[in-house]
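Undergrad: Here it is, the structure in full.
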Amino acid sequence: MRSRRNANRKALNQRNRLIFLAVIIAAAILIIFGIWNLLSTDDSDPEDKSGSVTTEEGKSEKKPEPEYDYSKAVAESAQVGDDYFSDAIFVGDSRTEGFLLYSGLSNAVGYAHKGLRADTCFTDAVIHLNGSKVTVMDALRANPNFSKVYIMLGTNELGWVYPEKFVEGYTKVIDEIRGINPGALIYAESLIPVTSAKSASNETVNNERIRMYNEMIRQIAIDKKVLYLDVGAGLSDENGILPDEASSDGVHLNKAYCEKWLAYLKTHTVTKEEIDGAE
């Protein structure tokens with residue numbers, strides 16, 4: 001009887017030792033797994049090396065690339081030479097005609113005409129091309145290998161009762177140019193202020209209206225993702241007014257200020273690589 005009790009006690013002790021050993025092994029496994037999990041997971045930085053971001057749902061999404069900031073006017077840049085404009089086209093009214101005539105820039109193409117408006121770019125055959133007259137848009141279609149387009153339109157629309165029609169027409173011009181050459185850089189030039197005397201004597205062609213239209217052009221540039229060039233800032237005085245010395249009629253620029261206009265363009269450029277890199 002005594003030997004049987006000893007055997008039972010021995011078996012019970014062995015079973016307890018096995019249970020204790022199993023508990024120790026399980027605890028060790030849990031500790032090792034916990035340490036491994038801490039080392040392989042970093043909750044403080046959900047971004048992985050591929051540029052992805054882990055969302056709250058646990059899904060990995062590609063981090064959005066920064067975009068070029070079209071809300072700002074083109075900043076001052078390193079000066080370019082005349083060759084920068086060899087693949088450029090200038091679209092505008094009589095002010096652009098004067099610029100092309102007096103700035104000294106001889107290698108750029110100009111589709112400009114006195115009285116030109118955003119809407120008449122599509123309707124008025126005023127551009128001489130290959131022995132005939134065509135519209136601005138037809139001229140652009142005939143010469144689609146341009147890389148840059150400079151647009152200055154709006155002076156002849158200053159008296160319009162419904163300025164939103166100007167926005168509609170200007171936007172259509174941009175869309176059409178993009179359709180002809182999607183890769184071209186489009187510069188939307190601000191309207192140039194007029195002299196103080198001209199502004200005070202004219203109900204429509206005045207600096208208050210010009211500022212209003214420039215705000216519309218700036219907003220179009222933001223909406224359509226084109227480059228806004230604040231040319232007016234480079235030609236006006238500290239009060240935003242065209243100096244008397246710049247013009248004989250208060251509106252159209254003389255040779256010295258056309259050259260100043262070109263100098264401003266040469267120091268305010270953006271490369272395609274800068275835009276593509278931002279996007």
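Residue names in the structure tokens use chain letters A, B, ... in the order shown, residue numbers from 1 in each chain, and ligand numbers from 1 in the order shown.
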Please provide the set of residues having any atom within 9 Å of Asn254 of chain A, restricted to only C-alpha atoms, with same-chain residues fewer than 3 positions apart removed, written as a PyMOL selection string.
TA: chain A and resi 98-99+102+245-248+257-259
Undergrad: Would you export the selected residues with N, CA and C atoms as a PDB file, in the first residue's frame, please?
TA:
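File produced: out.pdb:
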```pdb
ATOM      1  N   GLY A  98       3.165  96.729 -80.594  1.00  0.00           N
ATOM      2  CA  GLY A  98       4.232  97.671 -80.270  1.00  0.00           C
ATOM      3  C   GLY A  98       5.426  96.978 -79.643  1.00  0.00           C
ATOM      4  N   PHE A  99       5.161  96.018 -78.771  1.00  0.00           N
ATOM      5  CA  PHE A  99       6.239  95.264 -78.141  1.00  0.00           C
ATOM      6  C   PHE A  99       7.085  94.550 -79.186  1.00  0.00           C
ATOM      7  N   TYR A 102       9.144  97.279 -81.208  1.00  0.00           N
ATOM      8  CA  TYR A 102      10.130  98.157 -80.585  1.00  0.00           C
ATOM      9  C   TYR A 102      11.028  97.508 -79.533  1.00  0.00           C
ATOM     10  N   GLU A 245       6.446 109.100 -68.544  1.00  0.00           N
ATOM     11  CA  GLU A 245       7.552 108.975 -69.492  1.00  0.00           C
ATOM     12  C   GLU A 245       7.464 107.722 -70.356  1.00  0.00           C
ATOM     13  N   ALA A 246       6.574 106.786 -69.974  1.00  0.00           N
ATOM     14  CA  ALA A 246       6.508 105.504 -70.672  1.00  0.00           C
ATOM     15  C   ALA A 246       5.671 105.538 -71.932  1.00  0.00           C
ATOM     16  N   SER A 247       4.833 106.571 -72.094  1.00  0.00           N
ATOM     17  CA  SER A 247       3.873 106.546 -73.196  1.00  0.00           C
ATOM     18  C   SER A 247       3.479 107.956 -73.619  1.00  0.00           C
ATOM     19  N   SER A 248       3.253 108.103 -74.908  1.00  0.00           N
ATOM     20  CA  SER A 248       2.820 109.407 -75.421  1.00  0.00           C
ATOM     21  C   SER A 248       1.305 109.569 -75.350  1.00  0.00           C
ATOM     22  N   TYR A 257      10.280 101.565 -72.946  1.00  0.00           N
ATOM     23  CA  TYR A 257       9.477 100.711 -72.073  1.00  0.00           C
ATOM     24  C   TYR A 257       9.136  99.372 -72.718  1.00  0.00           C
ATOM     25  N   CYS A 258       9.152  99.291 -74.045  1.00  0.00           N
ATOM     26  CA  CYS A 258       9.035  97.981 -74.705  1.00  0.00           C
ATOM     27  C   CYS A 258      10.284  97.155 -74.422  1.00  0.00           C
ATOM     28  N   GLU A 259      11.434  97.813 -74.407  1.00  0.00           N
ATOM     29  CA  GLU A 259      12.673  97.124 -74.054  1.00  0.00           C
ATOM     30  C   GLU A 259      12.650  96.692 -72.590  1.00  0.00           C
TER      31      GLU A 259
END
```
Undergrad: Could you give me, as a tab-separated table, a per-residue list for segment 69-89 of chain A showing, wherever an atom lies at most 7 Å from an atom of segment 144-147 of chain A, the closest pair of atoms and their distance in Å to one decimal, using only C-alpha atoms and sorting by chain then residue number from low to high?
TA:
```
residue	atom	partner	partner_atom	distance
A:Asp87	CA	A:Phe146	CA	5.0
A:Ala88	CA	A:Phe146	CA	5.8
A:Ile89	CA	A:Phe146	CA	6.9
```
Undergrad: Keeping only N, CA and C atoms, write the selected residues to a file as an mmCIF file, in the first residue's frame.
TA:
```cif
data_model
loop_
_atom_site.group_PDB
_atom_site.id
_atom_site.type_symbol
_atom_site.label_atom_id
_atom_site.label_comp_id
_atom_site.auth_asym_id
_atom_site.auth_seq_id
_atom_site.Cartn_x
_atom_site.Cartn_y
_atom_site.Cartn_z
ATOM 1 N N ASP A 87 11.008 79.852 -80.053
ATOM 2 C CA ASP A 87 9.868 78.946 -80.262
ATOM 3 C C ASP A 87 8.623 79.473 -79.546
ATOM 4 N N ALA A 88 8.573 80.807 -79.358
ATOM 5 C CA ALA A 88 7.442 81.434 -78.666
ATOM 6 C C ALA A 88 6.530 82.156 -79.648
ATOM 7 N N ILE A 89 5.265 82.256 -79.267
ATOM 8 C CA ILE A 89 4.283 83.027 -80.033
ATOM 9 C C ILE A 89 3.619 84.010 -79.083
#
```
Undergrad: Taking 2 positions as the minimum chain separation for residues in the same chain, which residues sit within 9 Å of Thr96 of chain A when counting only C-alpha atoms? Answer as a PyMOL selection string.
TA: chain A and resi 90-94+98-101+110-114+151-152
Undergrad: Which parts of segment 84-156 of chain A does DSSP call strand (DSSP E or B) when run on the backbone here, written out as number ranges by chain?
TA: A: 88-92, 109-112, 127-129, 132-134, 148-152
Undergrad: In Å, rounded to a single decimal, give me how far atom CA of Gly183 of chain A is from atom CA of Leu235 of chain A.
TA: 29.5 Å
Undergrad: I need the residue nearest Glu189 of chain A from this list: A:Tyr264, A:Lys165, A:Asp138, A:Ser201. Use only C-alpha atoms for the distance.
TA: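 For Glu189 of chain A, the nearest of the given residues is A:Tyr264.
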Undergrad: Which distance in Å separates atom CA of Thr204 of chain A and atom CA of Leu158 of chain A, to one decimal?
TA: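 Here the two named atoms are 5.7 Å from each other.
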Undergrad: Hey, can you check how far atom CA of Asp237 of chain A sits from atom CA of Asp249 of chain A?
TA: 17.2 Å
Undergrad: Could you go through segment 78-135 of chain A and tell me which residues DSSP, when run on the backbone, assigns to alpha helix (DSSP H), listing them as a list in words?
TA: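 Those residues are Ser94, Arg95, Thr96, Glu97, Gly98, Phe99, Leu100, Leu101 and Tyr102 of chain A.
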Undergrad: Considering only C-alpha atoms, state which residue in the set A:Gly250, A:Gly179, A:Gly232, A:Pro193 is at the smallest distance from Leu265 of chain A.
TA: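 Answer, going by the shortest atom-to-atom distance: A:Gly232.
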Undergrad: Have a look at A:Ile174, A:Ala263, A:Val109, A:Ala142 and name the one nearest to Asp223 of chain A; count only C-alpha atoms.
TA: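 Of all the options, A:Ile174 lies closest to Asp223 of chain A.
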Undergrad: Let me make sure I understand: among A:Cys121, A:Leu253, A:Ala108, A:Val74, which one has the smallest atom-to-atom distance to Gly169 of chain A if we use only C-alpha atoms?
TA: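 Checking each of A:Cys121, A:Leu253, A:Ala108, A:Val74 against Gly169 of chain A, counting only C-alpha atoms, the winner is A:Cys121.
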